[in-house]
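Source file upload_5.cif; content: mmCIF, C-alpha atoms and all ligand atoms.
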data_entry
#
loop_
_atom_site.label_atom_id
_atom_site.label_comp_id
_atom_site.auth_asym_id
_atom_site.auth_seq_id
_atom_site.Cartn_x
_atom_site.Cartn_y
_atom_site.Cartn_z
CA MET A 27 194.80 85.82 138.22
CA THR A 28 193.94 82.86 136.05
CA SER A 29 197.43 82.14 134.78
CA HIS A 30 199.18 78.85 135.29
CA ALA A 31 202.91 78.57 135.57
CA PRO A 32 204.19 76.89 132.44
CA THR A 33 206.25 73.91 133.43
CA ALA A 34 209.72 73.29 132.15
CA ARG A 35 209.57 71.23 128.98
CA SER A 36 210.98 67.75 129.43
CA SER A 37 213.04 66.30 126.66
CA PRO A 38 211.75 63.07 125.12
CA ASP A 39 215.07 61.32 125.81
CA GLY A 40 214.78 62.05 129.54
CA SER A 41 217.63 64.56 129.56
CA PRO A 42 217.30 67.51 131.97
CA PRO A 43 214.27 69.71 131.33
CA ASP A 44 214.64 72.55 128.92
CA VAL A 45 214.68 75.56 131.20
CA ALA A 46 215.30 79.20 130.38
CA LEU A 47 217.36 80.01 133.47
CA VAL A 48 219.19 77.87 135.99
CA VAL A 49 220.79 79.75 138.86
CA ASP A 50 222.82 77.53 141.16
CA HIS A 51 224.27 78.85 144.43
CA LEU A 52 225.16 82.15 142.83
CA THR A 53 226.86 84.84 144.94
CA LYS A 54 228.07 88.31 143.99
CA ARG A 55 230.28 90.40 146.25
CA PHE A 56 231.66 93.86 145.62
CA GLY A 57 234.63 93.81 148.01
CA GLU A 58 233.13 93.42 151.48
CA ARG A 59 229.60 94.16 150.28
CA VAL A 60 227.41 91.23 149.34
CA ALA A 61 224.92 92.09 146.57
CA TYR A 62 223.23 88.65 146.60
CA ASP A 63 224.20 85.54 148.45
CA ASP A 64 223.89 81.84 147.57
CA VAL A 65 220.84 82.26 145.34
CA SER A 66 219.37 79.27 143.47
CA PHE A 67 216.26 79.03 141.27
CA THR A 68 215.12 77.96 137.83
CA VAL A 69 212.79 79.65 135.35
CA GLY A 70 210.91 77.69 132.69
CA TYR A 71 210.44 78.82 129.10
CA GLY A 72 207.23 80.81 128.75
CA GLU A 73 207.26 81.78 132.39
CA VAL A 74 207.01 85.31 133.74
CA PHE A 75 209.20 85.24 136.83
CA GLY A 76 209.09 88.10 139.32
CA PHE A 77 212.18 89.04 141.29
CA LEU A 78 210.92 91.06 144.22
CA GLY A 79 212.91 92.82 146.85
CA PRO A 80 213.53 96.12 148.61
CA ASN A 81 216.12 98.68 147.48
CA GLY A 82 219.60 97.22 147.53
CA ALA A 83 218.30 93.62 147.64
CA GLY A 84 220.51 92.64 144.69
CA LYS A 85 217.91 92.57 141.90
CA THR A 86 219.74 94.68 139.33
CA THR A 87 223.02 92.96 140.15
CA MET A 88 221.35 89.60 139.40
CA VAL A 89 220.03 90.94 136.07
CA ARG A 90 223.47 92.27 135.20
CA THR A 91 225.05 88.94 136.11
CA LEU A 92 222.62 86.82 134.09
CA GLY A 93 222.88 89.39 131.29
CA THR A 94 226.67 88.74 131.24
CA LEU A 95 227.58 92.30 132.20
CA LEU A 96 229.06 91.25 135.56
CA ALA A 97 230.84 88.04 136.53
CA PRO A 98 229.50 86.27 139.63
CA THR A 99 231.86 85.76 142.58
CA SER A 100 230.87 82.10 142.95
CA GLY A 101 228.23 79.63 141.83
CA SER A 102 227.02 78.86 138.33
CA ALA A 103 224.17 79.68 135.98
CA THR A 104 222.74 78.67 132.61
CA VAL A 105 221.03 81.36 130.55
CA ALA A 106 218.85 80.41 127.58
CA GLY A 107 220.50 77.00 127.59
CA ILE A 108 224.08 78.31 127.62
CA PRO A 109 226.36 77.97 130.67
CA LEU A 110 227.42 81.38 131.92
CA SER A 111 231.18 81.93 131.52
CA PRO A 112 233.50 84.66 130.21
CA GLU A 113 233.74 82.75 126.90
CA THR A 114 229.98 82.39 126.34
CA GLY A 115 229.04 86.04 126.95
CA SER A 116 228.41 86.98 123.33
CA ASP A 117 226.41 83.80 122.62
CA ILE A 118 224.19 84.50 125.61
CA ARG A 119 223.79 88.17 124.71
CA ALA A 120 222.55 87.17 121.25
CA ARG A 121 219.72 85.16 122.84
CA ILE A 122 218.56 87.58 125.53
CA SER A 123 217.58 91.21 125.99
CA ILE A 124 217.72 93.54 128.92
CA MET A 125 215.50 96.54 129.46
CA PRO A 126 217.46 98.47 132.09
CA GLU A 127 216.02 100.76 134.76
CA SER A 128 216.70 103.84 132.65
CA PRO A 129 215.93 103.61 128.91
CA GLY A 130 219.25 105.07 127.65
CA LEU A 131 218.04 106.27 124.24
CA TYR A 132 219.66 108.75 121.87
CA LEU A 133 217.39 111.71 122.49
CA ARG A 134 218.41 113.55 119.32
CA LEU A 135 217.38 110.62 117.11
CA THR A 136 213.84 109.62 116.22
CA VAL A 137 212.21 106.53 117.63
CA ALA A 138 212.82 104.56 114.43
CA GLU A 139 216.43 105.82 114.12
CA ASN A 140 217.12 104.70 117.68
CA LEU A 141 215.79 101.23 117.00
CA GLU A 142 217.58 100.98 113.64
CA CYS A 143 220.80 101.99 115.31
CA PHE A 144 220.49 99.30 117.98
CA ALA A 145 219.30 96.72 115.43
CA SER A 146 222.50 97.31 113.43
CA LEU A 147 224.57 96.97 116.61
CA TYR A 148 222.89 93.64 117.28
CA GLY A 149 223.78 92.54 113.74
CA ILE A 150 220.13 92.12 112.77
CA ARG A 151 219.70 91.74 109.00
CA ASP A 152 216.17 92.74 108.07
CA VAL A 153 216.39 95.91 110.16
CA ARG A 154 213.38 97.81 108.79
CA ASP A 155 211.05 94.87 109.13
CA ARG A 156 212.20 94.09 112.67
CA VAL A 157 211.93 97.71 113.75
CA ALA A 158 208.40 97.91 112.33
CA LYS A 159 207.41 94.71 114.17
CA ALA A 160 208.91 95.90 117.47
CA LEU A 161 207.10 99.23 117.17
CA GLU A 162 203.88 97.45 116.42
CA ALA A 163 204.33 95.19 119.46
CA VAL A 164 204.44 98.23 121.75
CA ASN A 165 201.78 100.23 119.87
CA LEU A 166 204.20 102.93 118.79
CA SER A 167 204.08 102.68 115.01
CA ASP A 168 202.53 106.14 114.74
CA ARG A 169 205.40 107.72 116.73
CA ALA A 170 208.23 106.23 114.63
CA ASP A 171 209.35 109.63 113.30
CA ASP A 172 209.13 111.54 116.58
CA LEU A 173 212.35 112.63 118.23
CA CYS A 174 212.93 110.66 121.43
CA ARG A 175 213.55 113.96 123.20
CA SER A 176 209.92 114.91 122.59
CA LEU A 177 208.54 111.71 124.18
CA SER A 178 207.13 111.42 127.67
CA LYS A 179 208.83 109.13 130.16
CA GLY A 180 206.21 106.43 129.62
CA LEU A 181 206.67 106.53 125.85
CA ARG A 182 210.46 106.37 126.22
CA GLN A 183 209.99 103.31 128.38
CA ARG A 184 207.94 101.78 125.58
CA VAL A 185 210.68 102.54 123.05
CA ALA A 186 213.11 100.78 125.41
CA LEU A 187 210.77 97.80 125.48
CA ALA A 188 210.61 97.83 121.65
CA ARG A 189 214.43 97.88 121.59
CA ALA A 190 214.50 94.87 123.92
CA LEU A 191 212.23 92.98 121.51
CA LEU A 192 214.35 93.63 118.40
CA ASN A 193 216.38 90.44 118.63
CA ASP A 194 213.37 88.25 119.47
CA PRO A 195 214.97 87.21 122.77
CA ALA A 196 214.60 83.76 124.31
CA VAL A 197 214.69 85.50 127.71
CA LEU A 198 213.67 89.08 128.28
CA PHE A 199 214.97 90.83 131.41
CA LEU A 200 212.91 93.80 132.55
CA ASP A 201 214.48 95.78 135.39
CA GLU A 202 211.68 97.71 137.09
CA PRO A 203 209.83 98.42 133.85
CA THR A 204 207.30 100.76 135.45
CA SER A 205 209.53 102.73 137.78
CA GLY A 206 208.58 106.40 137.76
CA LEU A 207 205.53 105.93 135.51
CA ASP A 208 202.08 107.31 136.29
CA PRO A 209 199.16 104.88 136.71
CA VAL A 210 198.03 105.18 133.09
CA ALA A 211 201.50 104.59 131.62
CA THR A 212 201.99 101.78 134.15
CA ARG A 213 198.81 100.09 133.00
CA ASP A 214 199.96 100.39 129.38
CA VAL A 215 203.23 98.67 130.24
CA TYR A 216 201.28 95.95 132.12
CA ASP A 217 199.14 95.39 129.04
CA LEU A 218 202.24 95.08 126.87
CA ILE A 219 203.86 92.62 129.27
CA THR A 220 200.62 90.63 129.44
CA ALA A 221 200.56 90.48 125.63
CA LEU A 222 204.16 89.22 125.63
CA ARG A 223 203.28 86.69 128.31
CA ASP A 224 200.36 85.45 126.22
CA ARG A 225 202.75 85.03 123.30
CA GLY A 226 204.90 82.78 125.51
CA VAL A 227 207.87 85.13 125.92
CA THR A 228 210.03 84.21 128.93
CA ILE A 229 210.34 87.24 131.17
CA PHE A 230 212.50 87.89 134.22
CA LEU A 231 211.00 90.95 135.86
CA THR A 232 212.42 92.80 138.82
CA THR A 233 210.14 95.02 140.82
CA HIS A 234 209.31 96.31 144.23
CA ARG A 235 205.74 96.92 143.17
CA LEU A 236 203.90 94.04 144.69
CA GLU A 237 200.71 94.37 142.73
CA GLU A 238 202.84 94.27 139.60
CA ALA A 239 204.30 90.90 140.56
CA GLU A 240 200.92 89.59 141.60
CA ARG A 241 199.29 90.67 138.39
CA LEU A 242 201.93 89.70 135.86
CA CYS A 243 204.01 86.87 137.25
CA HIS A 244 203.44 83.13 137.26
CA ARG A 245 205.93 82.80 140.11
CA VAL A 246 207.82 85.22 142.28
CA ALA A 247 211.02 85.05 144.27
CA ILE A 248 211.45 87.35 147.24
CA LEU A 249 215.04 88.44 147.66
CA ASN A 250 216.77 90.40 150.34
CA THR A 251 220.38 89.60 149.46
CA LYS A 252 219.39 86.00 150.21
CA LEU A 253 216.44 84.33 148.53
CA LEU A 254 213.71 84.31 151.17
CA LEU A 255 210.88 82.52 149.37
CA ILE A 256 209.84 81.38 145.93
CA GLY A 257 206.51 80.21 144.55
CA ARG A 258 203.22 81.22 142.96
CA PRO A 259 201.69 84.30 144.59
CA ASP A 260 198.70 82.30 145.90
CA GLU A 261 201.03 79.57 147.20
CA LEU A 262 203.11 82.09 149.09
CA ARG A 263 200.03 83.51 150.75
CA GLU A 264 198.88 80.07 151.76
CA ARG A 265 202.27 79.04 153.04
CA LEU A 266 202.60 82.03 155.30
CA PHE A 267 199.09 82.70 156.52
CA THR A 268 196.25 80.66 157.95
CA ARG A 269 193.07 80.96 155.93
CA ALA A 270 190.22 83.02 157.28
CA VAL A 271 186.63 84.04 156.67
CA GLU A 272 185.58 87.60 157.42
CA VAL A 273 182.03 88.20 158.64
CA ARG A 274 180.46 91.66 158.83
CA THR A 275 177.12 92.18 160.54
CA ARG A 276 174.96 95.31 160.69
CA VAL A 277 175.27 95.50 164.48
CA PRO A 278 177.69 93.65 166.77
CA LEU A 279 176.60 90.11 167.71
CA SER A 280 175.29 89.96 171.28
CA ASP A 281 177.12 86.70 171.98
CA PRO A 282 179.66 85.90 169.22
CA ARG A 283 181.14 83.06 171.26
CA ALA A 284 177.77 81.28 171.21
CA VAL A 285 177.61 81.64 167.41
CA PHE A 286 181.17 80.79 166.39
CA GLY A 287 182.45 78.79 169.36
CA ARG A 288 180.44 75.67 168.50
CA LEU A 289 181.40 75.42 164.86
CA GLU A 290 183.68 72.49 164.19
CA GLN A 291 185.33 74.19 161.21
CA VAL A 292 186.26 77.33 163.10
CA GLU A 293 189.64 76.98 164.78
CA GLY A 294 189.60 80.41 166.37
CA TRP A 295 188.15 83.83 165.86
CA GLU A 296 188.65 87.46 166.77
CA GLN A 297 186.57 90.61 166.54
CA SER A 298 188.58 92.90 164.23
CA ALA A 299 186.17 95.87 164.38
CA SER A 300 182.93 96.48 166.28
CA SER A 301 180.84 94.28 164.00
CA THR A 302 183.53 92.53 161.94
CA TYR A 303 184.81 89.08 162.86
CA GLU A 304 187.80 87.17 161.50
CA LEU A 305 187.33 83.41 161.73
CA HIS A 306 190.31 81.08 161.26
CA VAL A 307 189.37 78.02 159.26
CA THR A 308 191.10 75.20 157.38
CA ASP A 309 188.98 75.42 154.26
CA PRO A 310 186.74 78.48 153.70
CA ASP A 311 184.64 76.60 151.12
CA VAL A 312 183.67 74.02 153.72
CA ALA A 313 183.37 76.41 156.65
CA ALA A 314 181.40 79.26 155.04
CA PRO A 315 178.02 77.45 154.71
CA ASP A 316 178.16 76.37 158.38
CA ILE A 317 179.05 79.89 159.46
CA ALA A 318 176.18 81.32 157.39
CA ARG A 319 173.71 78.86 158.95
CA ALA A 320 174.90 79.69 162.48
CA LEU A 321 174.52 83.42 161.80
CA VAL A 322 171.03 83.00 160.38
CA ALA A 323 170.05 80.83 163.38
CA ALA A 324 171.28 83.61 165.65
CA GLU A 325 169.14 86.08 163.67
CA ALA A 326 172.17 88.19 162.80
CA ASP A 327 171.86 90.79 160.02
CA VAL A 328 174.75 89.64 157.84
CA LEU A 329 176.24 92.27 155.53
CA SER A 330 178.99 90.09 154.08
CA LEU A 331 180.73 86.77 154.51
CA VAL A 332 183.90 86.45 152.46
CA GLU A 333 187.21 84.67 152.48
CA SER A 334 189.70 87.21 153.73
CA ARG A 335 192.60 87.20 151.34
CA HIS A 336 196.13 88.21 152.15
CA SER A 337 197.81 90.21 149.48
CA LEU A 338 201.30 89.57 148.23
CA GLU A 339 202.13 92.75 150.11
CA ASP A 340 201.24 91.03 153.40
CA VAL A 341 203.54 88.13 152.48
CA TYR A 342 206.32 90.46 151.48
CA LEU A 343 206.16 92.63 154.57
CA GLU A 344 205.98 89.60 156.82
CA LEU A 345 209.11 88.19 155.21
CA VAL A 346 211.19 91.28 154.69
CA ASP A 347 210.34 92.74 158.12
CA GLY A 348 211.07 89.39 159.73
CA ASP A 349 214.37 89.29 157.90
CA VAL A 350 215.31 92.78 159.08
CA GLU A 351 214.36 91.82 162.65
CA ALA A 352 216.45 88.66 162.41
CA ARG A 353 219.46 90.65 161.24
CA ARG A 354 219.15 93.09 164.11
CA ARG A 355 219.36 90.29 166.64
N1 LIG B 401 229.14 98.28 140.89
C1 LIG B 401 228.93 98.19 142.20
N2 LIG B 401 229.93 98.39 143.08
C2 LIG B 401 229.74 98.26 144.42
N3 LIG B 401 228.57 97.92 144.99
C3 LIG B 401 227.53 97.71 144.16
C4 LIG B 401 227.65 97.84 142.74
N4 LIG B 401 226.44 97.56 142.18
C5 LIG B 401 225.61 97.28 143.20
N5 LIG B 401 226.26 97.38 144.39
C6 LIG B 401 225.69 97.12 145.73
O1 LIG B 401 225.05 95.85 145.71
C7 LIG B 401 223.84 95.88 146.46
C8 LIG B 401 222.69 95.46 145.57
O2 LIG B 401 222.45 96.49 144.60
P1 LIG B 401 221.39 96.35 143.43
O3 LIG B 401 221.53 97.53 142.55
O4 LIG B 401 221.54 95.01 142.81
O5 LIG B 401 220.03 96.40 144.25
P2 LIG B 401 218.53 96.46 143.70
O6 LIG B 401 217.82 95.33 144.37
O7 LIG B 401 218.51 96.52 142.23
O8 LIG B 401 218.01 97.83 144.34
P3 LIG B 401 216.97 98.93 143.75
O9 LIG B 401 215.61 98.42 144.11
O10 LIG B 401 217.32 100.15 144.53
O11 LIG B 401 217.20 99.08 142.28
C9 LIG B 401 223.72 97.31 147.00
O12 LIG B 401 224.24 97.33 148.31
C10 LIG B 401 224.59 98.10 146.05
O13 LIG B 401 225.09 99.25 146.69
MG MG B 402 217.78 97.88 140.86
#

Can you present the structure in this file as structure tokens?
Amino acid sequence: MTSHAPTARSSPDGSPPDVALVVDHLTKRFGERVAYDDVSFTVGYGEVFGFLGPNGAGKTTMVRTLGTLLAPTSGSATVAGIPLSPETGSDIRARISIMPESPGLYLRLTVAENLECFASLYGIRDVRDRVAKALEAVNLSDRADDLCRSLSKGLRQRVALARALLNDPAVLFLDEPTSGLDPVATRDVYDLITALRDRGVTIFLTTHRLEEAERLCHRVAILNTKLLLIGRPDELRERLFTRAVEVRTRVPLSDPRAVFGRLEQVEGWEQSASSTYELHVTDPDVAAPDIARALVAAEADVLSLVESRHSLEDVYLELVDGDVEARRR
């Protein structure tokens, strides 16, 4: 991914940076059950922020809290520049949008009628123009007169995304936008989110699809009731795993210790398959040329020599499994 996390804009007068979301020690309990506990983070304007976590981690509850549909038990938050409180709910709602897990459309109305209906509820003035723009943004202009009942799940999801765009939100909350979609519809939604990201829309996206977070988000937070980790996907991988170079040879090396053991850059190594070796290094860019030279000197038939990359899935499983283990103790 080539994206860079947009930084929070600083005000010229040195006042606190202009951030889209500030969540400060927020906790939500339902009776004895804790949905999320003591969670703090900030999201800058223009940032796509992924909120990752397993089922029941508290993701939807956080969206509902920041979307003013639920009051937190303790802690504080600022949403689109407005402090969250019972009095500010309608001001916040005017500046944000939520696309919930299920689209919730009127199936007996057409696509355009649905959007017009919601646009009127939002008090939008130039309804027709806004509906046309929202449909255009999700590539649905040609389906405006179709009944929602006749649309596939993926298309309904797109209508829900169009609805969320009607009020030109300062912060867009997407709660598992691709849940239940097939790979083609999923890719379409990714393209739409990428287009919104490129336009600088601030997006808070919950998901348990790791490749989704990796592909779309500038930063991700991993939640399992408590916030476990937060950062850019590449940062998280680096923080949790040592870096490594993977070497594959056509046949197993006769004496791998003689080849790898002398290299200063190689801190350790293991044979992960009969002719595949994982070498732990500090910096693959520095180590790889030395490794290549040592292999050539040993007359090895090298098939590949690559940095072995951990996926966000590795990070996630390491954290969430570790967390489950810790709780069992
Ligand atoms: N209205 C409610 N009343 C009681 N408990 C609730 C309520 N809403 C959520 N919870 C509980 O809070 C916890 C977090 O639920 P939440 O829906 O936020 O999880 P999630 O991360 O969105 O999960 P999923 O990935 O399954 O959508 C769960 O234990 C859930 O049962
Ligand atoms: Mg949920």

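The smallest atom-to-atom distance between Val341 in chain A and any of A:Gly79, A:Arg276, A:Lys179, A:Leu231, using all atoms listed in the file, is found for A:Gly79.
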
Selection near Leu236 in chain A, 8 Å with all atoms listed in the file, sequence-local residues under 4 positions removed, as number ranges by chain: A: 78, 240, 338-339

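As for CA of Leu218 in chain A and atom N4 of ligand LIG 401 (chain B), they are spaced 28.7 Å apart.
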
Selection near range 123-134 of chain A, 6 Å with all atoms listed in the file, sequence-local residues under 2 positions removed, as a ChimeraX atom specification: /A:174-175,183,186,190,195,198-202

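The residues sitting within 6 Å of ligand LIG 401 (chain B), with all atoms listed in the file considered, come out as Phe56, Ala61, Pro80, Asn81, Gly82, Ala83, Gly84, Lys85, Thr86 and Thr87 of chain A.
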
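With distances taken over only C-alpha atoms and all ligand atoms, A:Pro203 is the one residue among A:Gly149, A:Pro203, A:Gly57, A:Gly180 lying closest to ligand MG 402 (chain B).
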
From A:Pro98, A:Thr233, A:Ala318, A:Val45, residue lying nearest ligand MG 402 (chain B) [all atoms listed in the file]: A:Thr233
